[in-house]
Amino acid sequence: MIQKVLIANRGEIAVRIIQTCRILGIRTVVAYSKCDKDTMAVFLADEAICIGDSSPSDSYLNIPAILEAAKNTGCDSLHPGYGFLSENDEFAKRAHESGIIFIGPSSNILEKTANKFRMKETARKLGIPVIPSADEDKCPLMIKSSYGGGGKGIKIVKNRGDFDYCLKSAKLSLNTGFSGDNFFLEQIIDLYKHIDIQFVADKFGKISILPARDCSVQSHYQKVIEETPVSNIPKELLEKMEQDAVKLIKEVGFDNVGTIEFLVDKQMNYYFLEINSRLQVEHTVTEEATGIDLVEQQIRIASGQKNRLPMKVSAKKCAIECRLSAKDNGELNIFSLPTGKDVRIDTYIYQGYRIKPYYDPLIAKIIVSDKERRRAISKMKLALDEIIILGAHTNVDELYETISREDYIVGSYSYFGENE
Amino acid sequence: MPIDKLKKILADFDSSEATEFEYEDADFRVSIKKNGPKTDQEKTDYSDKHILSPLVGTYYDVSPTIQINERVKEGQSLCIIESMKIMNKICAPADLIIRKTYFENGESVEFGSKLFEVDYI
Amino acid sequence: MSILDEQKIKIKKRNARILNRPACSNCGDELDELLVCKNCKHHERMPALKRIEIIRKNGGKFKQLLAEYDIDNSRTYDYSEKFERDKNRTGLSESVIVGKCKVNGKIFITILMERYFMVGTLSKANGEKIAKAFEYATKSNLPVVAFCAGGGVRMQEGAVGLVQMAKIDATLMKFRKKGLPFISVLTDPTYGGTTASFGLMGDINIAEPNSSIGFGGKMLVKDILHEQVADDFQSAKYVLRSGGLDMICERKDILNTIIELLAILNKNNSIKAENEKPEYDHGNKKPEIVLQNIRNNSKTVGIDYLLKLFDNPIILKGDRISYDDPSLLTGLGEISGIKTAFIIQNKGRNLRENIENNYGMTRPEGFRKAIRIAKLAERFHLPVLILLDSPGAHPGDVAEKNCQSIAISESMLNLLETKTPIVSIVTGEGCSGGALGLSISDVLAMFSGATYSVISPESYSAIIFNKPEVQPELLANMKFTAKDLYNEGLVDEILKEGTLEYNTLQIERYFAESLVRLSKFDMKQLLDRRYNRIRNWDKQ
């Protein structure tokens with residue numbers, strides 16, 4: 001079992017990782033950028049080391065600085081969180097070469113899964129339905145980056161004339177640690193649902209499928225509200241997706257916690273979208289619905305332990321997550337946050353914290369759970385009412401308005417959110 | 001100076017780009033300085049009186065080791081910070097005198113760590 | 001307001017948005033059909049077309065006039081994009097609608113301004129329209145009611161826009177000369193050129209609650225002048241306090257108030273001859289008893305008389321210069337079927353009221369208000385009833401700052417030539433300049449227990465005898481009782497007094513009877529007679 005982990009990330013996920021490490025008795029070191037000195041993770045970790053300037057490329061994307069920090073502080077492992085370098089195979093390789101355990105899949109797996117286009121091909125060859133490709137002249141179409149993530153590098157082209165501009169735009173929007181500028185073109189799906197199939201796989205080939213997540217509420221291709229289990233999708237369809245997921249995981253040889261994403265169209269056809277080789281932001285709803293600590297699973301598997309979960313895990317509860325984001329940078333005046341039974345908040349903010357402009361605007365994840373979905377929605381509405389944060393504008397009103405929609409309450413909502 | 005007038009002058013000073021203000025008359029004197037803009041993007045490697053580490057790594061002395069009160073010329077190596085087997089030379093940004101050292105050979109430094117206290121000549 | 005209160009309001013507004021319901025911008029609650037909050041009575045802005053709808057809903061008629069003046073100058077002055085946008089969103093062709101209204105039998109011209117059309121600004125086109133509206137009303141002998149809103153002059157039209165203000169005032173001047181009433185209703189928000197030309201020039205200025213009314217925009221004041229202003233700067237209450245408004249009236253009552261005002265301001269007054277004569281009392285009264293009664297706080301004060309004399313008084317506030325003096329109640333009402341203007345000095349009935357009303361000591365702004373009301377009465381051929389009861393004009397700093405002496409002199413001079421009958425009655429204490437300033441009338445009477453002196457007995461005693469306690473022999477020499485004044489020929493009559501009801505009846509009778517007597521004279525004779533009375537006051 002690993003003893004000391006370097007957390008190469010920030011914000012709420014860094015705090016999340018510290019929590020599980022505390023439970024497991026693992027010592028924590030947080031690598032932070034200059035402007036993140038006053039953050040919760042730095043405060044909570046056993047040790048902290050400043051690795052660079054505020055801009056992500058100087059710090060959270062700075063591979064030598066992170067590895068050096070892990071070495072200097074005597075860490076035997078590092079956790080990359082999500083985003084930043086979490087799916088960077090070169091990073092994983094160099095960590096391995098430095099004798100540091102990378103908490104995630106092996107670097108050769110990452111190398112395979114990093115390229116979305118390649119993964120699409122792999123899936124197609126296995127007989128898994130994929131989104132049909134398009135060519136430049138068949139507009140509308142979608143431009144996708146082979147290495148994008150978190151909604152970046154995607155552009156819709158409405159007319160042939162806009163193609164070059166959209167391609168340039170898509171290239172510019174990539175500013176994370178993904179290298180290369182490969183792009184591919186896909187037809188646009190009449191989208192109904194965006195489904196995550198969460199799985200846990202160990203180095204010995206044991207795969208467990210966890211309850212699927214419905215992530216159809218998005219804004220600019222970023223997820224905003226997620227829930228589990230999935231309602232309003234025929235059970236058989238879901239089973240087929242899960243079976244295909246297992247097929248792909250086996251083929252790739254994936255050896256840690258990950259997610260296979262599918263799209264479902266209004267005609268109830270499903271398509272493989274991509275594989276996420278890291279812990280996801282919305283892992284929380286799966287944890288609340290199943291009672292499983294996914295960070296713990298990651299750590300155990302990376303330490304070489306066996307996957308002890310059943311092959312199929314069912315949801316004990318319904319869980320919903322709302323991502324609370326800041327719309328501007330200000331000093332937070334936090335008057336009240338949600339409380340109560342089955343209310344979970346993953347956050348790193350505190351009274352007087354000033355939001356930094358360099359990073360993702362996510363400030364808190366509000367997760368509620370209950371045996372019944374409708375009850376969970378009521379809990380979420382109350383939780384959102386409880387949020388009184390001044391100093392920066394948040395999207396709390398939009399979140400409330402969304403879960404108050406007729407179609408959300410009934411569960412029949414289809415994907416929405418290009419501009420929401 | 002009537003208080004309203006002073007308030008107005010302070011308001012104008014605050015919103016202007018001037019950083020210093022002095023006023024004196026027969027019965028009143030005031031002198032104010034503004035702090036520089038608070039940015040996180042300040043130059044981090046060389047600040048007044050201190051040389052800071054520009055990266056995470058291990059500190060190594062140069063040969064011969066820098067001594068206290070030693071006069072150093074611009075461009076001269078002060079120490080080496082090793083990161084991932086790459087040796088990074090830290091050089092003096094101008095002629096200076098070393099007043100304090102903070103690290104010993106082989107110790108770990110982080111980004112922004114104070115390496116030397118100096119006086120610029 | 002606590003954080004939780006603010007959060008509650010935020011949530012209410014959000015929930016209203018979800019249900020696509022309009023919500024109160026103050027507390028988030030539901031609005032009624034007049035766009036007034038059901039919970040906190042906050043008045044939301046009302047579009048001009050909706051006002052017309054409401055007039056019609058209440059059984060009134062509205063016919064649009066002068067639509068040919070809705071000329072589109074937006075291309076000439078380069079603002080056609082905004083112009084088109086606002087045409088679409090309001091359904092109007094310009095920011096002003098003019099029409100002829102008939103409500104409860106009263107016909108008047110109405111000018112409605114729409115804030116959501118080019119910010120309700122005055123332009124070459126609608127400036128001409130408003131001017132034409134006043135000219136039409138002048139020619140047709142109709143009153144004008146304006147619902148003002150907007151940000152002033154349309155900047156895009158430059159100086160051409162600016163001069164519209166003067167143009168409108170020119171036609172307003174001629175309108176006024178004809179003695180026709182102009183009622184201005186200030187709505188939220190009314191600024192700049194509108195306010196500074198005709199918006200606050202009504203014979204009666206009415207504001208809707210929580211309207212913003214002012215000259216310069218708040219931004220101008222804060223950012224360019226860097227001035228700290230009060231929280232209620234330019235609010236309706238602020239303007240009322242500053243003497244610019246006659247009243248603040250809730251939207252639901254505005255139409256009725258306008259009709260009531262038009263009923264009084266229409267120069268049709270009948271003075272019936274069949275009123276009972278008042279009862280007189282020429283008996284002697286001991287000065288110390290008289291003084292004791294005056295000083296006894298349970299004696300009735302101005303507002304008591306006001307509420308008994310008039311069923312539906314319309315109180316008009318403000319001197320249109322700087323302040324509304326609460327120690328002087330002025331306005332319009334009906335006594336025994338006679339439409340009249342009233343000016344009533346008002347002390348307090350308890351400590352709190354006394355402080356609010358400065359113990360009834362009239363301020364210069366009070367005298368100026370009195371003059372304004374007298375002039376209003378003159379224009380609309382209404383008699384003036386003045387009730388006097390005050391320990392004297394305010395002698396302090398606030399009064400001196402505002403030229404109290406000049407105010408009193410001007411009050412006397414103005415009343416002397418006000419072309420309408422004036423009846424003054426001393427109901428309580430008539431003291432010094434405070435009383436004299438309002439005693440320039442055609443007839444002057446006193447209640448039998450009232451006093452009229454050059455100075456209060458206490459002050460007299462303090463000055464002459466260095467003692468604050470009043471000595472009885474001093475009182476006898478002061479000769480301030482009604483009988484004393486009657487004997488010296490300084491007042492016309494002593495009225496018997498008793499209960500409040502009886503006194504009210506006495507006032508009504510004396511007022512009616514005096515007006516009947518004075519109706520014998522034409523205006524020139526009336527003024528000559530008044531002049532002679534005052535010129536020879538001590539010789540009667």
# chains A, B, ... in the order shown; residues from 1 in each chain; ligands from 1
>>> residues_around(residues="segment 109-125 of chain A", least_positions_apart="5", cutoff="6 Å", atoms="only C-alpha atoms", output="PDB file with all heavy atoms, in the first residue's frame")
ATOM      1  N   ASP A  89      -0.049  10.654 -20.870  1.00  0.00           N
ATOM      2  CA  ASP A  89       0.708   9.406 -20.767  1.00  0.00           C
ATOM      3  C   ASP A  89       2.193   9.667 -20.525  1.00  0.00           C
ATOM      4  O   ASP A  89       2.857   8.889 -19.848  1.00  0.00           O
ATOM      5  CB  ASP A  89       0.492   8.543 -22.021  1.00  0.00           C
ATOM      6  CG  ASP A  89       0.895   9.285 -23.280  1.00  0.00           C
ATOM      7  OD1 ASP A  89       0.257  10.297 -23.583  1.00  0.00           O
ATOM      8  OD2 ASP A  89       1.860   8.849 -23.941  1.00  0.00           O
ATOM      9  N   SER A 146      -8.692  15.290 -30.976  1.00  0.00           N
ATOM     10  CA  SER A 146      -8.357  13.943 -30.509  1.00  0.00           C
ATOM     11  C   SER A 146      -7.910  13.956 -29.068  1.00  0.00           C
ATOM     12  O   SER A 146      -7.930  12.938 -28.401  1.00  0.00           O
ATOM     13  CB  SER A 146      -7.223  13.357 -31.359  1.00  0.00           C
ATOM     14  OG  SER A 146      -7.651  13.217 -32.673  1.00  0.00           O
ATOM     15  N   TYR A 147      -7.476  15.105 -28.613  1.00  0.00           N
ATOM     16  CA  TYR A 147      -6.904  15.159 -27.280  1.00  0.00           C
ATOM     17  C   TYR A 147      -7.648  16.097 -26.353  1.00  0.00           C
ATOM     18  O   TYR A 147      -7.170  16.416 -25.301  1.00  0.00           O
ATOM     19  CB  TYR A 147      -5.430  15.593 -27.364  1.00  0.00           C
ATOM     20  CG  TYR A 147      -4.585  14.540 -28.031  1.00  0.00           C
ATOM     21  CD1 TYR A 147      -4.254  14.661 -29.377  1.00  0.00           C
ATOM     22  CD2 TYR A 147      -4.158  13.430 -27.330  1.00  0.00           C
ATOM     23  CE1 TYR A 147      -3.502  13.695 -29.994  1.00  0.00           C
ATOM     24  CE2 TYR A 147      -3.402  12.452 -27.944  1.00  0.00           C
ATOM     25  CZ  TYR A 147      -3.077  12.577 -29.287  1.00  0.00           C
ATOM     26  OH  TYR A 147      -2.339  11.609 -29.894  1.00  0.00           O
TER      27      TYR A 147
END
>>> interface_residues(of="chain B", to="chain A", cutoff="6 Å", atoms="only C-alpha atoms", output="list in words")
Val56, Gly57, Ser83, Met84, Ser108, Glu110 and Phe111 of chain B
>>> write_last_selection(atoms="all heavy atoms", output="compact mmCIF listing (two decimals), in the first residue's frame")
# COMPACT_ATOMS: atom_id res chain seq x y z
N VAL B 56 11.26 24.21 -8.53
CA VAL B 56 11.36 23.22 -7.46
C VAL B 56 12.61 22.39 -7.72
O VAL B 56 12.88 22.03 -8.86
CB VAL B 56 10.15 22.24 -7.53
CG1 VAL B 56 10.17 21.30 -6.34
CG2 VAL B 56 8.87 23.00 -7.58
N GLY B 57 13.32 22.06 -6.71
CA GLY B 57 14.47 21.19 -6.97
C GLY B 57 15.35 21.03 -5.76
O GLY B 57 14.94 21.23 -4.61
N SER B 83 16.81 19.83 -11.08
CA SER B 83 15.45 19.32 -11.14
C SER B 83 15.39 18.26 -12.22
O SER B 83 15.73 18.55 -13.36
CB SER B 83 14.48 20.45 -11.47
OG SER B 83 13.20 19.92 -11.74
N MET B 84 14.99 17.07 -11.84
CA MET B 84 14.90 15.96 -12.80
C MET B 84 16.21 15.79 -13.56
O MET B 84 16.21 15.72 -14.79
CB MET B 84 13.73 16.16 -13.77
CG MET B 84 12.39 16.24 -13.10
SD MET B 84 12.06 14.88 -11.97
CE MET B 84 11.81 13.53 -13.10
N SER B 108 16.26 20.53 -0.26
CA SER B 108 15.18 20.74 -1.23
C SER B 108 14.71 22.18 -1.18
O SER B 108 14.55 22.75 -0.11
CB SER B 108 13.98 19.84 -0.91
OG SER B 108 14.36 18.50 -1.02
N GLU B 110 11.70 24.93 -2.92
CA GLU B 110 10.47 24.97 -3.71
C GLU B 110 10.44 26.26 -4.51
O GLU B 110 11.29 27.15 -4.33
CB GLU B 110 9.21 24.84 -2.84
CG GLU B 110 9.05 25.93 -1.82
CD GLU B 110 7.75 25.78 -1.03
OE1 GLU B 110 7.08 24.73 -1.10
OE2 GLU B 110 7.40 26.73 -0.32
N PHE B 111 9.48 26.38 -5.41
CA PHE B 111 9.32 27.57 -6.22
C PHE B 111 9.10 28.76 -5.30
O PHE B 111 8.26 28.73 -4.40
CB PHE B 111 8.11 27.39 -7.16
CG PHE B 111 7.79 28.60 -7.97
CD1 PHE B 111 8.43 28.85 -9.18
CD2 PHE B 111 6.83 29.51 -7.53
CE1 PHE B 111 8.12 29.96 -9.94
CE2 PHE B 111 6.53 30.64 -8.28
CZ PHE B 111 7.18 30.86 -9.48
>>> select_by_dssp(residues="segment 84-237 of chain A", states="strand (DSSP E or B)", output="PyMOL selection string")
chain A and resi 101-102+130+133+141-145+154-157+183-187+191-201+207-209+213-219+222-228
>>> atom_distance(atom1="atom CA of Ile377 of chain A", atom2="atom CA of Leu337 of chain A")
17.1 Å
>>> interface_residues(of="chain B", to="chain C", cutoff="10 Å", atoms="only C-alpha atoms", output="ChimeraX atom specification")
/B:4,7-8,11-12
>>> write_last_selection(atoms="N, CA, C and O atoms", output="mmCIF file, in the first residue's frame")
data_model
loop_
_atom_site.group_PDB
_atom_site.id
_atom_site.type_symbol
_atom_site.label_atom_id
_atom_site.label_comp_id
_atom_site.auth_asym_id
_atom_site.auth_seq_id
_atom_site.Cartn_x
_atom_site.Cartn_y
_atom_site.Cartn_z
ATOM 1 N N ASP B 4 -13.538 68.071 3.111
ATOM 2 C CA ASP B 4 -14.141 67.675 1.832
ATOM 3 C C ASP B 4 -13.120 67.754 0.718
ATOM 4 O O ASP B 4 -13.054 66.902 -0.159
ATOM 5 N N LYS B 7 -10.761 64.889 0.963
ATOM 6 C CA LYS B 7 -11.399 63.658 0.490
ATOM 7 C C LYS B 7 -11.379 63.597 -1.029
ATOM 8 O O LYS B 7 -11.109 62.560 -1.625
ATOM 9 N N LYS B 8 -11.673 64.745 -1.650
ATOM 10 C CA LYS B 8 -11.728 64.754 -3.106
ATOM 11 C C LYS B 8 -10.350 64.493 -3.682
ATOM 12 O O LYS B 8 -10.182 63.732 -4.623
ATOM 13 N N ALA B 11 -9.518 60.869 -3.382
ATOM 14 C CA ALA B 11 -10.271 60.074 -4.356
ATOM 15 C C ALA B 11 -9.609 60.170 -5.730
ATOM 16 O O ALA B 11 -9.435 59.176 -6.420
ATOM 17 N N ASP B 12 -9.231 61.383 -6.110
ATOM 18 C CA ASP B 12 -8.586 61.556 -7.418
ATOM 19 C C ASP B 12 -7.244 60.824 -7.471
ATOM 20 O O ASP B 12 -6.928 60.158 -8.445
#
>>> closest_atom_pairs(of="chain A", to="chain C", cutoff="8 Å", atoms="only C-alpha atoms", output="CSV")
residue,atom,partner,partner_atom,distance
A:Phe335,CA,C:Ile3,CA,7.7
A:Asp385,CA,C:Ile11,CA,7.1
A:Ile388,CA,C:Gln7,CA,6.9
A:Asp397,CA,C:Arg14,CA,6.8
A:Glu401,CA,C:Ile18,CA,6.2
A:Ser404,CA,C:Ile18,CA,7.8
>>> write_last_selection(atoms="C-alpha atoms", output="JSON list (two decimals), in the first residue's frame")
[["chain", "number", "residue", "atom", "x", "y", "z"],
["A", 335, "PHE", "CA", -23.08, 33.39, 4.70],
["A", 385, "ASP", "CA", -31.99, 27.94, -1.40],
["A", 388, "ILE", "CA", -25.98, 32.54, 0.35],
["A", 397, "ASP", "CA", -30.22, 30.58, -9.89],
["A", 401, "GLU", "CA", -34.35, 26.96, -12.55],
["A", 404, "SER", "CA", -37.54, 23.12, -11.52]]
>>> residues_around(residues="Gly199 of chain C", least_positions_apart="6", cutoff="9 Å", atoms="only C-alpha atoms", output="list of chain:residue names")
C:Ala146, C:Phe147, C:Cys148, C:Ala149, C:Ser184, C:Val185, C:Leu186, C:Thr190, C:Tyr191, C:Gly193, C:Asn205
